[in-house]
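Text of query33.txt, listed as compact mmCIF, N, CA and C atoms:
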# COMPACT_ATOMS: atom_id res chain seq x y z
N TRP A 1 -45.45 37.94 -3.17
CA TRP A 1 -44.07 38.03 -3.61
C TRP A 1 -43.81 37.15 -4.82
N LEU A 2 -44.57 36.08 -4.95
CA LEU A 2 -44.32 35.16 -6.06
C LEU A 2 -44.42 35.86 -7.40
N CYS A 3 -45.44 36.69 -7.56
CA CYS A 3 -45.60 37.38 -8.84
C CYS A 3 -44.42 38.32 -9.11
N LEU A 4 -44.01 39.07 -8.09
CA LEU A 4 -42.87 39.96 -8.26
C LEU A 4 -41.60 39.18 -8.54
N MET A 5 -41.44 38.07 -7.86
CA MET A 5 -40.24 37.27 -8.08
C MET A 5 -40.25 36.67 -9.47
N ALA A 6 -41.42 36.27 -9.95
CA ALA A 6 -41.52 35.69 -11.29
C ALA A 6 -41.16 36.72 -12.35
N LEU A 7 -41.43 37.99 -12.06
CA LEU A 7 -41.11 39.06 -13.00
C LEU A 7 -39.66 39.51 -12.86
N ASN A 8 -38.94 38.93 -11.94
CA ASN A 8 -37.54 39.29 -11.67
C ASN A 8 -37.37 40.75 -11.25
N ILE A 9 -38.34 41.26 -10.51
CA ILE A 9 -38.20 42.61 -9.97
C ILE A 9 -37.26 42.51 -8.77
N PRO A 10 -36.17 43.26 -8.82
CA PRO A 10 -35.20 43.18 -7.73
C PRO A 10 -35.79 43.62 -6.39
N LEU A 11 -35.29 43.00 -5.34
CA LEU A 11 -35.68 43.34 -3.98
C LEU A 11 -34.51 43.99 -3.28
N PHE A 12 -34.83 44.89 -2.37
CA PHE A 12 -33.82 45.59 -1.59
C PHE A 12 -33.94 45.09 -0.16
N GLU A 13 -32.82 44.69 0.43
CA GLU A 13 -32.85 44.19 1.80
C GLU A 13 -32.65 45.32 2.80
N LEU A 14 -33.59 45.41 3.73
CA LEU A 14 -33.50 46.41 4.79
C LEU A 14 -32.60 45.91 5.91
N LYS A 15 -32.25 46.78 6.84
CA LYS A 15 -31.38 46.40 7.94
C LYS A 15 -31.97 45.30 8.81
N ASP A 16 -33.31 45.25 8.88
CA ASP A 16 -33.94 44.21 9.68
C ASP A 16 -34.15 42.92 8.89
N LYS A 17 -33.53 42.83 7.71
CA LYS A 17 -33.52 41.65 6.84
C LYS A 17 -34.80 41.47 6.02
N ARG A 18 -35.81 42.35 6.22
CA ARG A 18 -36.97 42.27 5.34
C ARG A 18 -36.56 42.74 3.96
N LYS A 19 -37.24 42.24 2.96
CA LYS A 19 -36.93 42.62 1.59
C LYS A 19 -38.13 43.33 0.99
N VAL A 20 -37.85 44.46 0.34
CA VAL A 20 -38.89 45.25 -0.29
C VAL A 20 -38.58 45.37 -1.79
N PRO A 21 -39.62 45.38 -2.61
CA PRO A 21 -39.37 45.56 -4.05
C PRO A 21 -38.85 46.96 -4.32
N ILE A 22 -37.98 47.09 -5.30
CA ILE A 22 -37.45 48.42 -5.62
C ILE A 22 -38.41 49.19 -6.52
N ILE A 23 -39.46 48.54 -6.99
CA ILE A 23 -40.47 49.20 -7.82
C ILE A 23 -41.79 49.20 -7.06
N GLY A 24 -42.40 50.35 -6.94
CA GLY A 24 -43.68 50.47 -6.27
C GLY A 24 -44.71 51.10 -7.20
N TYR A 25 -45.94 51.14 -6.72
CA TYR A 25 -47.06 51.68 -7.49
C TYR A 25 -47.42 53.05 -6.92
N GLY A 26 -47.28 54.08 -7.73
CA GLY A 26 -47.64 55.43 -7.31
C GLY A 26 -49.15 55.62 -7.36
N THR A 27 -49.73 56.18 -6.32
CA THR A 27 -51.19 56.27 -6.23
C THR A 27 -51.74 57.67 -6.51
N TYR A 28 -50.89 58.60 -6.91
CA TYR A 28 -51.34 59.97 -7.15
C TYR A 28 -52.41 59.99 -8.25
N LYS A 29 -53.54 60.55 -7.95
CA LYS A 29 -54.69 60.72 -8.84
C LYS A 29 -55.39 59.42 -9.24
N VAL A 30 -55.05 58.30 -8.62
CA VAL A 30 -55.76 57.06 -8.90
C VAL A 30 -57.18 57.20 -8.36
N GLY A 31 -58.16 57.05 -9.23
CA GLY A 31 -59.56 57.17 -8.85
C GLY A 31 -60.12 58.57 -8.99
N LEU A 32 -59.30 59.52 -9.41
CA LEU A 32 -59.77 60.90 -9.56
C LEU A 32 -60.55 61.04 -10.87
N ASN A 33 -61.77 61.55 -10.77
CA ASN A 33 -62.56 61.83 -11.96
C ASN A 33 -62.17 63.21 -12.43
N PRO A 34 -61.57 63.33 -13.63
CA PRO A 34 -61.10 64.64 -14.07
C PRO A 34 -62.23 65.63 -14.35
N GLU A 35 -63.44 65.11 -14.61
CA GLU A 35 -64.57 66.00 -14.89
C GLU A 35 -65.13 66.62 -13.62
N THR A 36 -65.18 65.84 -12.55
CA THR A 36 -65.77 66.34 -11.30
C THR A 36 -64.72 66.78 -10.29
N GLY A 37 -63.49 66.30 -10.46
CA GLY A 37 -62.44 66.61 -9.50
C GLY A 37 -62.57 65.85 -8.20
N LYS A 38 -63.42 64.82 -8.18
CA LYS A 38 -63.64 64.04 -6.96
C LYS A 38 -63.10 62.62 -7.11
N MET A 39 -62.73 62.05 -5.96
CA MET A 39 -62.29 60.66 -5.93
C MET A 39 -63.49 59.74 -6.09
N GLU A 40 -63.29 58.65 -6.80
CA GLU A 40 -64.37 57.69 -7.01
C GLU A 40 -63.92 56.32 -6.55
N SER A 41 -64.89 55.50 -6.21
CA SER A 41 -64.59 54.16 -5.72
C SER A 41 -63.97 53.26 -6.79
N SER A 42 -63.93 53.71 -8.03
CA SER A 42 -63.26 52.94 -9.09
C SER A 42 -61.80 52.70 -8.75
N ALA A 43 -61.28 53.52 -7.83
CA ALA A 43 -59.88 53.35 -7.40
C ALA A 43 -59.65 51.96 -6.82
N VAL A 44 -60.65 51.40 -6.14
CA VAL A 44 -60.50 50.07 -5.55
C VAL A 44 -60.16 49.06 -6.63
N GLY A 45 -60.88 49.09 -7.74
CA GLY A 45 -60.61 48.16 -8.85
C GLY A 45 -59.24 48.37 -9.45
N ILE A 46 -58.84 49.62 -9.57
CA ILE A 46 -57.51 49.92 -10.12
C ILE A 46 -56.43 49.36 -9.21
N PHE A 47 -56.60 49.55 -7.90
CA PHE A 47 -55.62 49.02 -6.96
C PHE A 47 -55.62 47.49 -6.97
N LYS A 48 -56.78 46.89 -7.12
CA LYS A 48 -56.85 45.42 -7.19
C LYS A 48 -56.08 44.91 -8.41
N GLU A 49 -56.19 45.63 -9.53
CA GLU A 49 -55.44 45.24 -10.73
C GLU A 49 -53.94 45.35 -10.49
N ALA A 50 -53.52 46.39 -9.79
CA ALA A 50 -52.10 46.55 -9.49
C ALA A 50 -51.61 45.40 -8.60
N ILE A 51 -52.43 45.02 -7.63
CA ILE A 51 -52.08 43.91 -6.74
C ILE A 51 -51.98 42.62 -7.55
N ALA A 52 -52.96 42.39 -8.43
CA ALA A 52 -52.95 41.19 -9.27
C ALA A 52 -51.74 41.16 -10.19
N ALA A 53 -51.27 42.34 -10.60
CA ALA A 53 -50.09 42.42 -11.46
C ALA A 53 -48.80 42.17 -10.70
N GLY A 54 -48.89 42.15 -9.36
CA GLY A 54 -47.73 41.82 -8.56
C GLY A 54 -47.18 42.94 -7.70
N TYR A 55 -47.78 44.12 -7.76
CA TYR A 55 -47.28 45.20 -6.91
C TYR A 55 -47.54 44.89 -5.45
N ARG A 56 -46.53 45.14 -4.62
CA ARG A 56 -46.65 44.94 -3.18
C ARG A 56 -46.21 46.18 -2.41
N MET A 57 -45.71 47.19 -3.11
CA MET A 57 -45.33 48.45 -2.47
C MET A 57 -46.14 49.56 -3.13
N PHE A 58 -46.81 50.36 -2.30
CA PHE A 58 -47.65 51.45 -2.78
C PHE A 58 -47.21 52.75 -2.15
N ASP A 59 -47.07 53.78 -2.99
CA ASP A 59 -46.65 55.10 -2.54
C ASP A 59 -47.88 56.00 -2.47
N CYS A 60 -48.27 56.38 -1.26
CA CYS A 60 -49.49 57.16 -1.01
C CYS A 60 -49.14 58.49 -0.36
N ALA A 61 -50.18 59.29 -0.18
CA ALA A 61 -50.06 60.54 0.59
C ALA A 61 -51.45 60.96 1.03
N GLU A 62 -51.51 61.59 2.17
CA GLU A 62 -52.76 62.13 2.69
C GLU A 62 -53.42 63.02 1.63
N PHE A 63 -52.63 63.81 0.96
CA PHE A 63 -53.10 64.77 -0.04
C PHE A 63 -53.82 64.10 -1.21
N TYR A 64 -53.47 62.86 -1.52
CA TYR A 64 -54.05 62.18 -2.69
C TYR A 64 -55.52 61.85 -2.47
N GLY A 65 -55.93 61.63 -1.22
CA GLY A 65 -57.33 61.39 -0.91
C GLY A 65 -57.86 60.02 -1.29
N ASN A 66 -56.97 59.07 -1.54
CA ASN A 66 -57.44 57.75 -1.96
C ASN A 66 -56.89 56.59 -1.12
N GLU A 67 -56.29 56.91 0.00
CA GLU A 67 -55.69 55.86 0.83
C GLU A 67 -56.72 54.84 1.31
N HIS A 68 -57.93 55.29 1.61
CA HIS A 68 -58.94 54.35 2.09
C HIS A 68 -59.34 53.36 0.99
N PHE A 69 -59.29 53.78 -0.27
CA PHE A 69 -59.58 52.85 -1.37
C PHE A 69 -58.48 51.80 -1.49
N LEU A 70 -57.24 52.21 -1.29
CA LEU A 70 -56.14 51.24 -1.30
C LEU A 70 -56.32 50.26 -0.16
N GLY A 71 -56.67 50.76 1.02
CA GLY A 71 -56.89 49.88 2.17
C GLY A 71 -57.96 48.85 1.89
N GLN A 72 -59.03 49.26 1.24
CA GLN A 72 -60.11 48.34 0.89
C GLN A 72 -59.61 47.27 -0.08
N ALA A 73 -58.85 47.69 -1.09
CA ALA A 73 -58.32 46.74 -2.08
C ALA A 73 -57.37 45.74 -1.43
N LEU A 74 -56.53 46.23 -0.52
CA LEU A 74 -55.59 45.34 0.17
C LEU A 74 -56.36 44.30 0.98
N LYS A 75 -57.37 44.75 1.69
CA LYS A 75 -58.17 43.84 2.52
C LYS A 75 -58.87 42.80 1.65
N GLU A 76 -59.46 43.23 0.56
CA GLU A 76 -60.21 42.33 -0.30
C GLU A 76 -59.32 41.40 -1.12
N SER A 77 -58.02 41.70 -1.19
CA SER A 77 -57.11 40.86 -1.99
C SER A 77 -56.91 39.49 -1.38
N GLY A 78 -57.08 39.39 -0.05
CA GLY A 78 -56.85 38.12 0.62
C GLY A 78 -55.37 37.83 0.87
N ILE A 79 -54.50 38.72 0.47
CA ILE A 79 -53.06 38.58 0.68
C ILE A 79 -52.73 39.14 2.06
N PRO A 80 -51.95 38.43 2.84
CA PRO A 80 -51.62 38.92 4.19
C PRO A 80 -51.03 40.34 4.16
N ARG A 81 -51.46 41.17 5.08
CA ARG A 81 -51.00 42.56 5.15
C ARG A 81 -49.49 42.66 5.24
N GLU A 82 -48.87 41.68 5.87
CA GLU A 82 -47.41 41.70 6.05
C GLU A 82 -46.66 41.67 4.72
N GLU A 83 -47.32 41.28 3.65
CA GLU A 83 -46.65 41.21 2.35
C GLU A 83 -46.63 42.54 1.62
N PHE A 84 -47.33 43.53 2.17
CA PHE A 84 -47.40 44.84 1.52
C PHE A 84 -46.56 45.87 2.27
N PHE A 85 -46.01 46.79 1.51
CA PHE A 85 -45.29 47.93 2.05
C PHE A 85 -46.03 49.18 1.59
N ILE A 86 -46.50 49.97 2.55
CA ILE A 86 -47.25 51.17 2.24
C ILE A 86 -46.42 52.38 2.66
N ILE A 87 -46.17 53.23 1.72
CA ILE A 87 -45.44 54.47 1.98
C ILE A 87 -46.48 55.58 1.97
N SER A 88 -46.49 56.42 2.98
CA SER A 88 -47.42 57.54 3.01
C SER A 88 -46.68 58.79 3.42
N LYS A 89 -47.27 59.90 3.05
CA LYS A 89 -46.65 61.18 3.35
C LYS A 89 -47.69 62.11 3.98
N ILE A 90 -47.24 62.90 4.91
CA ILE A 90 -48.08 63.92 5.54
C ILE A 90 -47.86 65.21 4.77
N TRP A 91 -48.93 65.93 4.50
CA TRP A 91 -48.84 67.16 3.73
C TRP A 91 -48.08 68.23 4.53
N THR A 92 -47.52 69.18 3.82
CA THR A 92 -46.64 70.18 4.44
C THR A 92 -47.30 71.01 5.53
N ASP A 93 -48.60 71.19 5.47
CA ASP A 93 -49.26 71.99 6.51
C ASP A 93 -49.46 71.21 7.80
N LYS A 94 -49.15 69.92 7.80
CA LYS A 94 -49.33 69.08 8.98
C LYS A 94 -48.00 68.53 9.53
N ILE A 95 -46.96 68.62 8.75
CA ILE A 95 -45.70 67.96 9.09
C ILE A 95 -45.14 68.44 10.44
N TYR A 96 -45.38 69.68 10.78
CA TYR A 96 -44.86 70.21 12.05
C TYR A 96 -45.46 69.50 13.26
N GLU A 97 -46.59 68.80 13.06
CA GLU A 97 -47.24 68.09 14.15
C GLU A 97 -46.54 66.76 14.47
N GLY A 98 -45.62 66.34 13.62
CA GLY A 98 -44.84 65.12 13.86
C GLY A 98 -45.70 63.87 13.96
N GLU A 99 -45.41 63.05 14.96
CA GLU A 99 -46.10 61.77 15.14
C GLU A 99 -47.61 61.95 15.31
N ALA A 100 -48.02 63.04 15.91
CA ALA A 100 -49.46 63.30 16.11
C ALA A 100 -50.17 63.41 14.76
N ALA A 101 -49.51 63.99 13.76
CA ALA A 101 -50.10 64.10 12.43
C ALA A 101 -50.32 62.72 11.81
N ILE A 102 -49.37 61.83 12.02
CA ILE A 102 -49.48 60.47 11.48
C ILE A 102 -50.64 59.75 12.15
N ARG A 103 -50.68 59.82 13.47
CA ARG A 103 -51.77 59.15 14.20
C ARG A 103 -53.14 59.71 13.81
N LYS A 104 -53.21 61.02 13.62
CA LYS A 104 -54.46 61.64 13.22
C LYS A 104 -54.89 61.18 11.83
N GLN A 105 -53.94 61.09 10.92
CA GLN A 105 -54.24 60.64 9.56
C GLN A 105 -54.78 59.21 9.57
N VAL A 106 -54.14 58.34 10.30
CA VAL A 106 -54.59 56.95 10.39
C VAL A 106 -55.99 56.88 10.99
N ARG A 107 -56.24 57.65 12.03
CA ARG A 107 -57.55 57.67 12.68
C ARG A 107 -58.62 58.20 11.72
N MET A 108 -58.32 59.27 10.99
CA MET A 108 -59.30 59.84 10.05
C MET A 108 -59.62 58.84 8.94
N GLU A 109 -58.60 58.15 8.43
CA GLU A 109 -58.83 57.15 7.39
C GLU A 109 -59.75 56.05 7.91
N LYS A 110 -59.53 55.61 9.13
CA LYS A 110 -60.36 54.57 9.73
C LYS A 110 -61.80 55.06 9.87
N GLU A 111 -61.98 56.27 10.36
CA GLU A 111 -63.32 56.82 10.54
C GLU A 111 -64.03 56.99 9.19
N GLU A 112 -63.30 57.42 8.16
CA GLU A 112 -63.90 57.56 6.82
C GLU A 112 -64.36 56.21 6.29
N ARG A 113 -63.55 55.18 6.49
CA ARG A 113 -63.93 53.83 6.04
C ARG A 113 -65.18 53.36 6.76
N GLU A 114 -65.22 53.55 8.09
CA GLU A 114 -66.37 53.12 8.87
C GLU A 114 -67.63 53.87 8.45
N GLU A 115 -67.51 55.17 8.20
CA GLU A 115 -68.65 55.97 7.77
C GLU A 115 -69.14 55.52 6.40
N LYS A 116 -68.22 55.20 5.52
CA LYS A 116 -68.58 54.74 4.17
C LYS A 116 -69.35 53.42 4.26
N VAL A 117 -68.89 52.52 5.10
CA VAL A 117 -69.57 51.22 5.28
C VAL A 117 -70.98 51.44 5.81
N LYS A 118 -71.15 52.34 6.79
CA LYS A 118 -72.46 52.64 7.34
C LYS A 118 -73.40 53.20 6.27
N SER A 119 -72.89 54.09 5.43
CA SER A 119 -73.73 54.73 4.43
C SER A 119 -74.13 53.78 3.31
N GLU A 120 -73.35 52.72 3.10
CA GLU A 120 -73.66 51.75 2.05
C GLU A 120 -74.70 50.73 2.48
N LYS A 121 -75.00 50.66 3.80
CA LYS A 121 -75.98 49.68 4.31
C LYS A 121 -77.39 50.16 4.10
Could you render the structure as C-alpha cells?
Amino acid sequence: WLCLMALNIPLFELKDKRKVPIIGYGTYKVGLNPETGKMESSAVGIFKEAIAAGYRMFDCAEFYGNEHFLGQALKESGIPREEFFIISKIWTDKIYEGEAAIRKQVRMEKEEREEKVKSEK
C-alpha cells in the first residue's frame, strides 16, 4: 500500500472498512505471444513489474489463461496476500454453474501450478 499511497492513488472504502485502490492492473493478454498464440511464463516478470510499480488490484479472467502466472508473481513478491485484491471472471459458458464454476476454476489453477512445478524438476 505504501507505493500506492505515495502515488496518491485514491482508495475506495468497502462496507467492511477495507480499502481498495480505484485503479487496478488489467491482465488481458499479459504473457501472450502474438506469434504462437500461447501464454508464456514471461507473464510472471510482467506481473512482478506491476507489483513493484505499486499495483495491488488485478483484474483477471479464466478466459485470459494467465491467472497461474499472476499467482506465482504474487507469491514470489513476498508481500502478504491480504494486501492484494484479485478480481476474476468466469466465462459465459460456465456462469450457469454458479459457485461450482468458481470452485472448479480455483481447483484447476492449483492443479496446473502443481503440474508445472513437477515438470520443471
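The coordinates place atom N of Ile9 of chain A at 24.8 Å from atom C of Val30 of chain A.
Note that atom CA of Val44 of chain A and atom CA of Gln105 of chain A are 19.5 Å apart.
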Considering only strand (DSSP E or B) as DSSP defines it on the backbone, what residues of chain A qualify? List them as a ChimeraX atom specification. /A:11-13,19-21,25-26,32,39,57-59,85-87
Deliver the residues from the most recent selection as a file, using N, CA and C atoms, as a tab-separated table (two decimals), in the coordinates of the input.
chain	number	residue	atom	x	y	z
A	11	LEU	N	-35.29	43.00	-5.34
A	11	LEU	CA	-35.68	43.34	-3.98
A	11	LEU	C	-34.51	43.99	-3.28
A	12	PHE	N	-34.83	44.89	-2.37
A	12	PHE	CA	-33.82	45.59	-1.59
A	12	PHE	C	-33.94	45.09	-0.16
A	13	GLU	N	-32.82	44.69	0.43
A	13	GLU	CA	-32.85	44.19	1.80
A	13	GLU	C	-32.65	45.32	2.80
A	19	LYS	N	-37.24	42.24	2.96
A	19	LYS	CA	-36.93	42.62	1.59
A	19	LYS	C	-38.13	43.33	0.99
A	20	VAL	N	-37.85	44.46	0.34
A	20	VAL	CA	-38.89	45.25	-0.29
A	20	VAL	C	-38.58	45.37	-1.79
A	21	PRO	N	-39.62	45.38	-2.61
A	21	PRO	CA	-39.37	45.56	-4.05
A	21	PRO	C	-38.85	46.96	-4.32
A	25	TYR	N	-45.94	51.14	-6.72
A	25	TYR	CA	-47.06	51.68	-7.49
A	25	TYR	C	-47.42	53.05	-6.92
A	26	GLY	N	-47.28	54.08	-7.73
A	26	GLY	CA	-47.64	55.43	-7.31
A	26	GLY	C	-49.15	55.62	-7.36
A	32	LEU	N	-59.30	59.52	-9.41
A	32	LEU	CA	-59.77	60.90	-9.56
A	32	LEU	C	-60.55	61.04	-10.87
A	39	MET	N	-62.73	62.05	-5.96
A	39	MET	CA	-62.29	60.66	-5.93
A	39	MET	C	-63.49	59.74	-6.09
A	57	MET	N	-45.71	47.19	-3.11
A	57	MET	CA	-45.33	48.45	-2.47
A	57	MET	C	-46.14	49.56	-3.13
A	58	PHE	N	-46.81	50.36	-2.30
A	58	PHE	CA	-47.65	51.45	-2.78
A	58	PHE	C	-47.21	52.75	-2.15
A	59	ASP	N	-47.07	53.78	-2.99
A	59	ASP	CA	-46.65	55.10	-2.54
A	59	ASP	C	-47.88	56.00	-2.47
A	85	PHE	N	-46.01	46.79	1.51
A	85	PHE	CA	-45.29	47.93	2.05
A	85	PHE	C	-46.03	49.18	1.59
A	86	ILE	N	-46.50	49.97	2.55
A	86	ILE	CA	-47.25	51.17	2.24
A	86	ILE	C	-46.42	52.38	2.66
A	87	ILE	N	-46.17	53.23	1.72
A	87	ILE	CA	-45.44	54.47	1.98
A	87	ILE	C	-46.48	55.58	1.97
To one decimal place in Å, what is the distance between atom CA of Thr92 of chain A and atom N of Tyr55 of chain A? 28.8 Å
Within 7 Å of segment 57-73 of chain A using only N, CA and C atoms, minus same-chain residues under 3 positions, as a count of residues only: 31
Backbone DSSP call of helix (DSSP H, G or I) for segment 8-118 of chain A, listed as a PyMOL selection string: chain A and resi 42-53+62-64+67-77+81-83+95-97+99-118
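The closest residue to Gly31 of chain A, picked from A:Pro80, A:Ala100, A:Leu14, A:Ile46 and counting only N, CA and C atoms, is A:Ile46.
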